[in-house]
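Visitor: Input file: run.cif. Contents: mmCIF, C-alpha atoms.
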data_protein
#
loop_
_atom_site.group_PDB
_atom_site.id
_atom_site.type_symbol
_atom_site.label_atom_id
_atom_site.label_comp_id
_atom_site.auth_asym_id
_atom_site.auth_seq_id
_atom_site.Cartn_x
_atom_site.Cartn_y
_atom_site.Cartn_z
ATOM 1 C CA MET A 2 143.123 104.246 104.750
ATOM 2 C CA THR A 3 140.787 104.121 101.774
ATOM 3 C CA THR A 4 141.203 106.226 98.654
ATOM 4 C CA GLU A 5 138.600 108.967 98.262
ATOM 5 C CA GLN A 6 136.456 108.396 95.171
ATOM 6 C CA VAL A 7 134.444 110.891 93.101
ATOM 7 C CA VAL A 8 131.377 110.077 91.002
ATOM 8 C CA LEU A 9 131.889 110.624 87.273
ATOM 9 C CA LEU A 10 128.899 111.963 85.328
ATOM 10 C CA ASP A 11 127.497 112.102 81.833
ATOM 11 C CA GLU A 12 126.082 115.371 80.456
ATOM 12 C CA ASP A 13 122.667 114.637 82.016
ATOM 13 C CA GLY A 14 124.073 114.115 85.521
ATOM 14 C CA ASN A 15 123.881 110.313 85.549
ATOM 15 C CA ALA A 16 126.647 108.367 87.276
ATOM 16 C CA ILE A 17 128.898 106.622 84.756
ATOM 17 C CA GLY A 18 131.677 105.457 87.062
ATOM 18 C CA THR A 19 134.085 106.524 89.764
ATOM 19 C CA ALA A 20 137.667 107.743 89.904
ATOM 20 C CA ASP A 21 140.246 108.477 92.581
ATOM 21 C CA LYS A 22 139.914 112.096 93.696
ATOM 22 C CA ALA A 23 143.696 112.419 93.805
ATOM 23 C CA VAL A 24 144.056 111.729 90.084
ATOM 24 C CA VAL A 25 140.790 112.986 88.560
ATOM 25 C CA HIS A 26 141.701 116.708 88.679
ATOM 26 C CA GLY A 27 144.125 117.623 85.907
ATOM 27 C CA THR A 28 144.193 119.556 82.655
ATOM 28 C CA ASP A 29 141.341 117.449 81.235
ATOM 29 C CA THR A 30 139.162 116.835 84.293
ATOM 30 C CA PRO A 31 136.013 114.842 83.521
ATOM 31 C CA LEU A 32 132.602 116.057 84.693
ATOM 32 C CA HIS A 33 131.973 114.807 88.222
ATOM 33 C CA LEU A 34 129.654 115.325 91.188
ATOM 34 C CA ALA A 35 130.503 117.851 93.886
ATOM 35 C CA PHE A 36 128.769 120.313 96.218
ATOM 36 C CA SER A 37 129.290 123.787 97.660
ATOM 37 C CA CYS A 38 128.034 125.001 101.022
ATOM 38 C CA TYR A 39 127.549 128.495 102.425
ATOM 39 C CA VAL A 40 127.511 128.367 106.248
ATOM 40 C CA PHE A 41 125.952 131.236 108.183
ATOM 41 C CA ASP A 42 126.053 132.006 111.897
ATOM 42 C CA ASP A 43 123.107 133.178 113.998
ATOM 43 C CA ALA A 44 124.020 136.812 113.250
ATOM 44 C CA GLY A 45 123.635 136.193 109.505
ATOM 45 C CA ARG A 46 127.349 136.300 108.710
ATOM 46 C CA LEU A 47 128.844 133.983 106.084
ATOM 47 C CA LEU A 48 131.874 131.850 106.910
ATOM 48 C CA VAL A 49 134.347 132.562 104.090
ATOM 49 C CA THR A 50 137.454 130.395 103.781
ATOM 50 C CA GLN A 51 140.814 130.579 102.063
ATOM 51 C CA ARG A 52 141.845 127.264 100.549
ATOM 52 C CA ALA A 53 145.145 125.914 101.892
ATOM 53 C CA VAL A 54 148.015 127.201 99.773
ATOM 54 C CA ALA A 55 149.326 123.650 99.247
ATOM 55 C CA LYS A 56 146.067 122.407 97.695
ATOM 56 C CA PRO A 57 146.645 121.344 94.079
ATOM 57 C CA THR A 58 143.462 123.034 92.826
ATOM 58 C CA PHE A 59 143.002 126.750 93.466
ATOM 59 C CA GLY A 60 145.381 126.773 96.456
ATOM 60 C CA GLY A 61 145.319 130.015 98.448
ATOM 61 C CA VAL A 62 142.095 131.238 96.814
ATOM 62 C CA TRP A 63 139.278 132.664 98.971
ATOM 63 C CA THR A 64 135.925 130.969 98.448
ATOM 64 C CA ASN A 65 132.629 129.928 100.014
ATOM 65 C CA THR A 66 132.640 127.977 103.266
ATOM 66 C CA CYS A 67 133.242 124.478 101.966
ATOM 67 C CA CYS A 68 133.288 122.402 98.806
ATOM 68 C CA GLY A 69 133.601 118.670 98.432
ATOM 69 C CA HIS A 70 132.591 115.478 96.700
ATOM 70 C CA PRO A 71 130.012 112.955 97.856
ATOM 71 C CA ALA A 72 131.336 109.409 97.977
ATOM 72 C CA PRO A 73 129.675 106.894 95.661
ATOM 73 C CA GLY A 74 126.244 106.140 97.150
ATOM 74 C CA GLU A 75 126.518 108.812 99.866
ATOM 75 C CA PRO A 76 123.482 111.122 100.173
ATOM 76 C CA ILE A 77 124.675 114.573 99.135
ATOM 77 C CA ALA A 78 123.382 116.389 102.259
ATOM 78 C CA ASP A 79 125.273 113.831 104.373
ATOM 79 C CA ALA A 80 128.403 114.599 102.338
ATOM 80 C CA VAL A 81 127.962 118.307 103.087
ATOM 81 C CA ARG A 82 127.773 117.599 106.839
ATOM 82 C CA ARG A 83 130.723 115.184 106.698
ATOM 83 C CA ARG A 84 133.008 117.510 104.769
ATOM 84 C CA VAL A 85 132.221 120.648 106.813
ATOM 85 C CA GLY A 86 132.951 118.596 109.929
ATOM 86 C CA GLN A 87 136.257 117.309 108.516
ATOM 87 C CA GLU A 88 137.498 120.624 107.117
ATOM 88 C CA LEU A 89 136.149 123.062 109.687
ATOM 89 C CA GLY A 90 135.210 121.090 112.804
ATOM 90 C CA LEU A 91 131.642 122.404 112.675
ATOM 91 C CA GLY A 92 128.331 120.629 113.120
ATOM 92 C CA LEU A 93 125.590 121.959 110.847
ATOM 93 C CA ASP A 94 121.957 122.844 111.378
ATOM 94 C CA ARG A 95 119.341 123.514 108.682
ATOM 95 C CA VAL A 96 121.181 122.192 105.640
ATOM 96 C CA THR A 97 119.138 123.581 102.724
ATOM 97 C CA LEU A 98 119.447 122.874 98.996
ATOM 98 C CA LEU A 99 119.224 126.114 96.948
ATOM 99 C CA LEU A 100 120.842 125.524 93.544
ATOM 100 C CA PRO A 101 120.336 121.843 92.614
ATOM 101 C CA ARG A 102 121.809 122.004 89.093
ATOM 102 C CA PHE A 103 124.700 124.479 89.398
ATOM 103 C CA ARG A 104 127.474 123.530 86.974
ATOM 104 C CA TYR A 105 130.809 125.107 86.220
ATOM 105 C CA ARG A 106 134.200 124.606 84.636
ATOM 106 C CA ALA A 107 137.182 126.627 85.844
ATOM 107 C CA VAL A 108 140.894 126.546 85.056
ATOM 108 C CA GLY A 109 143.385 127.409 87.806
ATOM 109 C CA ASP A 110 146.631 129.314 87.385
ATOM 110 C CA ASN A 111 148.524 125.996 87.230
ATOM 111 C CA GLY A 112 146.251 124.654 84.456
ATOM 112 C CA THR A 113 144.283 122.325 86.740
ATOM 113 C CA VAL A 114 140.623 122.155 85.751
ATOM 114 C CA GLU A 115 137.569 121.922 87.982
ATOM 115 C CA HIS A 116 134.601 120.514 86.032
ATOM 116 C CA GLU A 117 131.651 119.821 88.283
ATOM 117 C CA LEU A 118 127.925 119.473 88.601
ATOM 118 C CA CYS A 119 127.858 121.111 91.997
ATOM 119 C CA PRO A 120 124.575 121.514 93.909
ATOM 120 C CA VAL A 121 124.740 124.486 96.284
ATOM 121 C CA PHE A 122 123.555 124.368 99.898
ATOM 122 C CA THR A 123 123.262 126.749 102.811
ATOM 123 C CA ALA A 124 123.496 125.779 106.464
ATOM 124 C CA THR A 125 123.867 127.329 109.889
ATOM 125 C CA ALA A 126 126.448 126.644 112.565
ATOM 126 C CA SER A 127 127.277 127.948 116.013
ATOM 127 C CA GLY A 128 130.760 128.854 117.181
ATOM 128 C CA ASP A 129 133.977 129.470 115.321
ATOM 129 C CA PRO A 130 135.537 126.827 113.092
ATOM 130 C CA ARG A 131 138.528 124.711 114.035
ATOM 131 C CA PRO A 132 139.942 124.213 110.537
ATOM 132 C CA ASP A 133 142.140 121.430 109.238
ATOM 133 C CA ALA A 134 145.291 123.286 108.126
ATOM 134 C CA THR A 135 145.750 120.947 105.154
ATOM 135 C CA GLU A 136 142.401 122.194 103.804
ATOM 136 C CA VAL A 137 141.917 125.752 105.085
ATOM 137 C CA GLU A 138 144.575 128.470 105.237
ATOM 138 C CA ALA A 139 142.408 131.163 106.854
ATOM 139 C CA TRP A 140 138.769 132.023 107.528
ATOM 140 C CA GLU A 141 136.571 134.966 108.436
ATOM 141 C CA TRP A 142 132.942 135.748 109.212
ATOM 142 C CA ALA A 143 131.646 138.249 106.635
ATOM 143 C CA PRO A 144 128.287 140.033 106.658
ATOM 144 C CA TRP A 145 126.421 138.532 103.684
ATOM 145 C CA LEU A 146 125.175 141.604 101.821
ATOM 146 C CA PRO A 147 128.515 143.494 101.849
ATOM 147 C CA PHE A 148 130.297 140.257 100.854
ATOM 148 C CA ARG A 149 127.813 139.686 98.010
ATOM 149 C CA GLU A 150 128.135 143.272 96.773
ATOM 150 C CA ALA A 151 131.948 143.121 96.898
ATOM 151 C CA VAL A 152 132.020 139.843 94.940
ATOM 152 C CA LEU A 153 129.522 141.012 92.314
ATOM 153 C CA SER A 154 131.312 144.342 91.815
ATOM 154 C CA GLY A 155 134.721 142.659 91.513
ATOM 155 C CA ARG A 156 136.102 144.382 94.630
ATOM 156 C CA ARG A 157 136.597 141.016 96.328
ATOM 157 C CA GLU A 158 138.438 138.197 94.589
ATOM 158 C CA VAL A 159 137.030 134.724 95.152
ATOM 159 C CA SER A 160 137.103 131.393 93.338
ATOM 160 C CA PRO A 161 135.366 131.302 89.952
ATOM 161 C CA TRP A 162 132.654 128.970 91.266
ATOM 162 C CA CYS A 163 131.990 131.180 94.298
ATOM 163 C CA ARG A 164 131.560 134.237 92.076
ATOM 164 C CA GLU A 165 129.098 132.389 89.817
ATOM 165 C CA GLN A 166 127.213 130.936 92.796
ATOM 166 C CA VAL A 167 126.911 134.283 94.589
ATOM 167 C CA GLU A 168 125.451 135.717 91.388
ATOM 168 C CA ALA A 169 122.927 132.847 91.151
ATOM 169 C CA LEU A 170 121.943 132.778 94.832
ATOM 170 C CA PRO A 171 118.971 134.820 96.058
ATOM 171 C CA GLU A 172 119.698 138.153 97.715
ATOM 172 C CA ASP A 173 119.150 136.552 101.144
ATOM 173 C CA PRO A 174 119.909 132.834 100.846
ATOM 174 C CA ARG A 175 119.219 132.295 104.553
ATOM 175 C CA THR A 176 115.488 132.863 104.083
ATOM 176 C CA ALA A 177 115.086 131.482 100.563
ATOM 177 C CA PRO A 178 112.822 128.453 100.140
ATOM 178 C CA ALA A 179 114.524 125.120 99.614
ATOM 179 C CA ALA A 180 114.795 123.841 96.059
ATOM 180 C CA ASP A 181 113.067 120.622 95.073
ATOM 181 C CA PRO A 182 115.482 117.687 95.645
ATOM 182 C CA GLY A 183 113.928 116.103 92.543
ATOM 183 C CA GLU A 184 115.846 118.719 90.541
ATOM 184 C CA LEU A 185 119.198 117.332 91.687
ATOM 185 C CA PRO A 186 121.264 115.508 89.055
ATOM 186 C CA PRO A 187 120.182 111.854 88.971
ATOM 187 C CA ALA A 188 123.502 110.774 90.523
ATOM 188 C CA ALA A 189 122.770 112.959 93.585
ATOM 189 C CA ARG A 190 119.196 111.748 94.232
#
Would you give me this structure, written as structure tokens?
Guide:
Amino acid sequence: MTTEQVVLLDEDGNAIGTADKAVVHGTDTPLHLAFSCYVFDDAGRLLVTQRAVAKPTFGGVWTNTCCGHPAPGEPIADAVRRRVGQELGLGLDRVTLLLPRFRYRAVGDNGTVEHELCPVFTATASGDPRPDATEVEAWEWAPWLPFREAVLSGRREVSPWCREQVEALPEDPRTAPAADPGELPPAAR
């Protein structure tokens, strides 16, 4: 089994090296490349997931459908499809880039830091997920607008990155035009 690698970045989003995913996240996590995906069903509901409690970063926290890291040299949209398949057992249709330059830094309750340039995608899928229990504790389909309103008003607790992304996403991300892939960080192009 190979060790999963993440792509380390400079402040402009250029690749400057790689590191083992298992050791890169700590109290002084370097900036690295990631992605977030918001998966909708045909009825327009968002698949919301709770991170497995045993995860070292933000375990047990509710968040968007899936987050992950592209492998060195892996096209980022391919990484989205791969990771959603691994974590949730879903095949994706219409993978769309919406926020090419989203960036955040968040500190978990245990002091672990997430520090990512994290392009945000939407996608559609049919059927219910079949989650990997080491990644996903629970899941639910949530109507988008009530979910968005609950997150923005603070009535629904979600991960720090999900809250910031929901605020930055258009009111209806399912019908929003795709962002220009040329706006992605250089390491993700």
Visitor: Could you jot down the atom CA of Gly74 of chain A to atom CA of Ala180 of chain A separation for me, Å, one decimal place?
Guide: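 Spanning atom CA of Gly74 of chain A to atom CA of Ala180 of chain A is a straight-line distance of 21.1 Å.
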Visitor: Run the PyMOL selection byres ((chain A and resi 140-145) around 8) against the file shown and list the residues it catches, as a list in words.
Guide: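 The output of the PyMOL selection byres ((chain A and resi 140-145) around 8) on this file is Gly45, Arg46, Leu47, Leu48, Val49, Thr50, Gln51, Val137, Glu138, Ala139, Leu146, Pro147, Phe148, Arg149 and Asp173 of chain A.
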Visitor: Return the single residue from A:Cys38, A:Ala134, A:Leu185, A:Leu89 that is closest to Gln166 of chain A, with distances computed using all atoms listed in the file.
Guide: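 Distance minimum relative to Gln166 of chain A lands on A:Cys38.
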Visitor: When you count all atoms listed in the file, which of these residues is closest to Leu10 of chain A: A:Ala177, A:Val24, A:Ala188, A:Cys119?
Guide: A:Ala188
Visitor: Pull out every residue that the PyMOL selection byres ((chain A and resi 35) around 7) matches in the shown coordinates and put them as a list in words.
Guide: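 Answer for the PyMOL selection byres ((chain A and resi 35) around 7): His33, Leu34, Phe36, Gly69, His70, Pro71, Glu117, Leu118, Cys119 and Pro120 of chain A.
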Visitor: Check the smallest atom-to-atom distance from each of A:Glu115, A:Glu5, A:Asp110, A:Glu165 to Pro73 of chain A using all atoms listed in the file, then report the winner.
Guide: A:Glu5
Visitor: Rank nothing, just name the residue among A:Ile77, A:Gly86, A:Pro31, A:Ala72 nearest to Arg131 of chain A, using all atoms listed in the file.
Guide: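 Closest to Arg131 of chain A of all the choices is A:Gly86.
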Visitor: Padding 5 Å on each side, edges along x, y and z: where is the centre of the box around the listed atoms of segment 161-173 of chain A, and how long are its edges in Å to one decimal? Output it as AutoDock Vina command-line options.
Guide:
--center_x 127.2 --center_y 133.6 --center_z 95.5 --size_x 26.4 --size_y 19.2 --size_z 21.3
Visitor: Hey, can you check how far atom CA of Gly112 of chain A sits from atom CA of Ala80 of chain A?
Guide: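 Here the two named atoms are 27.2 Å from each other.
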Visitor: Written as a list in words, which residues does the PyMOL selection byres ((chain A and resi 136) around 8) give for the file shown?
Guide: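 So the PyMOL selection byres ((chain A and resi 136) around 8), applied here, picks out Arg52, Ala53, Lys56, Glu88, Pro132, Asp133, Ala134, Thr135, Val137 and Glu138 of chain A.
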Visitor: Scan for residues within 9 Å of the point (148.9, 126.3, 87.1) in the coordinates of the file, using all atoms listed in the file, and reply as an MDAnalysis selection string.
Guide: chainID A and resid 57:59 108:113
Visitor: Just the number, please: distance in Å from atom CA of Arg175 of chain A to atom CA of Cys163 of chain A, one decimal.
Guide: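 Going from atom CA of Arg175 of chain A over to atom CA of Cys163 of chain A covers 16.4 Å.
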Visitor: Env of segment 18-20 of chain A: 7 Å cut, atoms = all atoms listed in the file, seq-sep filter 5 positions within chain, self excluded. Answer as a PDB file with C-alpha atoms, in the frame of the given file.
Guide:
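As written to disk, part09.pdb reads:
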ATOM      1  CA  GLN A   6     136.456 108.396  95.171  1.00  0.00           C
ATOM      2  CA  VAL A   7     134.444 110.891  93.101  1.00  0.00           C
ATOM      3  CA  VAL A   8     131.377 110.077  91.002  1.00  0.00           C
ATOM      4  CA  LEU A   9     131.889 110.624  87.273  1.00  0.00           C
ATOM      5  CA  VAL A  25     140.790 112.986  88.560  1.00  0.00           C
TER       6      VAL A  25
END
Visitor: Pick the closest to Ala16 of chain A from A:Arg156, A:Arg95, A:Arg190, A:Arg164: which is it, counting all atoms listed in the file?
Guide: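 So, comparing all the options, the nearest one is A:Arg190.
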Visitor: Could you check which of A:Cys67, A:Leu32, A:Leu91, A:Leu98 is closest to Glu12 of chain A, using only C-alpha atoms?
Guide: A:Leu32
Visitor: Could you write segment 100-111 of chain A as a tab-separated table (two decimals), in the coordinates of the input, with all heavy atoms rebuilt where they are missing?
Guide:
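As written to disk, rebuild_32.tsv reads:
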chain	number	residue	atom	x	y	z
A	100	LEU	N	120.55	125.58	94.99
A	100	LEU	CA	120.84	125.52	93.54
A	100	LEU	C	121.14	124.07	93.17
A	100	LEU	O	122.30	123.64	93.21
A	100	LEU	CB	122.03	126.42	93.18
A	100	LEU	CG	121.92	127.91	93.54
A	100	LEU	CD1	123.23	128.63	93.23
A	100	LEU	CD2	120.76	128.56	92.81
A	101	PRO	N	120.12	123.28	92.82
A	101	PRO	CA	120.34	121.84	92.61
A	101	PRO	C	121.13	121.48	91.37
A	101	PRO	O	121.74	120.42	91.31
A	101	PRO	CB	118.92	121.28	92.53
A	101	PRO	CG	118.06	122.43	92.15
A	101	PRO	CD	118.72	123.65	92.72
A	102	ARG	N	121.18	122.35	90.37
A	102	ARG	CA	121.81	122.00	89.09
A	102	ARG	C	122.98	122.92	88.73
A	102	ARG	O	123.36	123.01	87.56
A	102	ARG	CB	120.76	122.07	87.97
A	102	ARG	CG	119.82	120.90	87.95
A	102	ARG	CD	120.45	119.77	87.22
A	102	ARG	NE	119.57	118.63	87.09
A	102	ARG	CZ	119.85	117.61	86.33
A	102	ARG	NH1	120.93	117.59	85.61
A	102	ARG	NH2	119.04	116.59	86.28
A	103	PHE	N	123.57	123.59	89.71
A	103	PHE	CA	124.70	124.48	89.40
A	103	PHE	C	125.82	123.66	88.76
A	103	PHE	O	126.18	122.58	89.23
A	103	PHE	CB	125.21	125.17	90.67
A	103	PHE	CG	126.36	126.08	90.40
A	103	PHE	CD1	126.15	127.36	89.89
A	103	PHE	CD2	127.66	125.66	90.60
A	103	PHE	CE1	127.21	128.20	89.59
A	103	PHE	CE2	128.73	126.49	90.32
A	103	PHE	CZ	128.50	127.76	89.82
A	104	ARG	N	126.39	124.20	87.69
A	104	ARG	CA	127.47	123.53	86.97
A	104	ARG	C	128.51	124.57	86.58
A	104	ARG	O	128.16	125.68	86.20
A	104	ARG	CB	126.92	122.85	85.73
A	104	ARG	CG	127.98	122.13	84.92
A	104	ARG	CD	127.38	121.44	83.73
A	104	ARG	NE	128.45	120.90	82.89
A	104	ARG	CZ	128.27	120.02	81.94
A	104	ARG	NH1	127.06	119.57	81.67
A	104	ARG	NH2	129.29	119.57	81.23
A	105	TYR	N	129.76	124.19	86.65
A	105	TYR	CA	130.81	125.11	86.22
A	105	TYR	C	132.04	124.35	85.75
A	105	TYR	O	132.21	123.16	86.05
A	105	TYR	CB	131.19	126.07	87.35
A	105	TYR	CG	132.04	125.43	88.42
A	105	TYR	CD1	133.42	125.57	88.42
A	105	TYR	CD2	131.47	124.65	89.42
A	105	TYR	CE1	134.21	124.97	89.38
A	105	TYR	CE2	132.24	124.05	90.39
A	105	TYR	CZ	133.61	124.20	90.37
A	105	TYR	OH	134.39	123.59	91.31
A	106	ARG	N	132.87	125.07	85.04
A	106	ARG	CA	134.20	124.61	84.64
A	106	ARG	C	135.13	125.77	84.84
A	106	ARG	O	134.85	126.89	84.38
A	106	ARG	CB	134.20	124.17	83.18
A	106	ARG	CG	135.51	123.55	82.73
A	106	ARG	CD	135.43	123.08	81.27
A	106	ARG	NE	136.62	122.37	80.87
A	106	ARG	CZ	137.78	122.97	80.55
A	106	ARG	NH1	137.88	124.28	80.56
A	106	ARG	NH2	138.83	122.23	80.20
A	107	ALA	N	136.23	125.55	85.55
A	107	ALA	CA	137.18	126.63	85.84
A	107	ALA	C	138.60	126.08	85.72
A	107	ALA	O	138.86	124.93	86.07
A	107	ALA	CB	136.95	127.17	87.25
A	108	VAL	N	139.50	126.93	85.23
A	108	VAL	CA	140.89	126.55	85.06
A	108	VAL	C	141.74	127.39	86.00
A	108	VAL	O	141.68	128.62	85.98
A	108	VAL	CB	141.36	126.76	83.60
A	108	VAL	CG1	142.82	126.32	83.44
A	108	VAL	CG2	140.45	126.03	82.62
A	109	GLY	N	142.51	126.72	86.86
A	109	GLY	CA	143.38	127.41	87.81
A	109	GLY	C	144.64	127.93	87.15
A	109	GLY	O	144.95	127.60	85.99
A	110	ASP	N	145.39	128.74	87.89
A	110	ASP	CA	146.63	129.31	87.38
A	110	ASP	C	147.63	128.25	86.94
A	110	ASP	O	148.44	128.49	86.05
A	110	ASP	CB	147.28	130.21	88.45
A	110	ASP	CG	146.49	131.47	88.69
A	110	ASP	OD1	145.65	131.84	87.84
A	110	ASP	OD2	146.71	132.11	89.75
A	111	ASN	N	147.58	127.06	87.58
A	111	ASN	CA	148.52	126.00	87.23
A	111	ASN	C	147.98	125.08	86.12
A	111	ASN	O	148.58	124.06	85.82
A	111	ASN	CB	148.88	125.17	88.47
A	111	ASN	CG	147.68	124.42	89.04
A	111	ASN	OD1	146.56	124.51	88.54
A	111	ASN	ND2	147.92	123.66	90.11
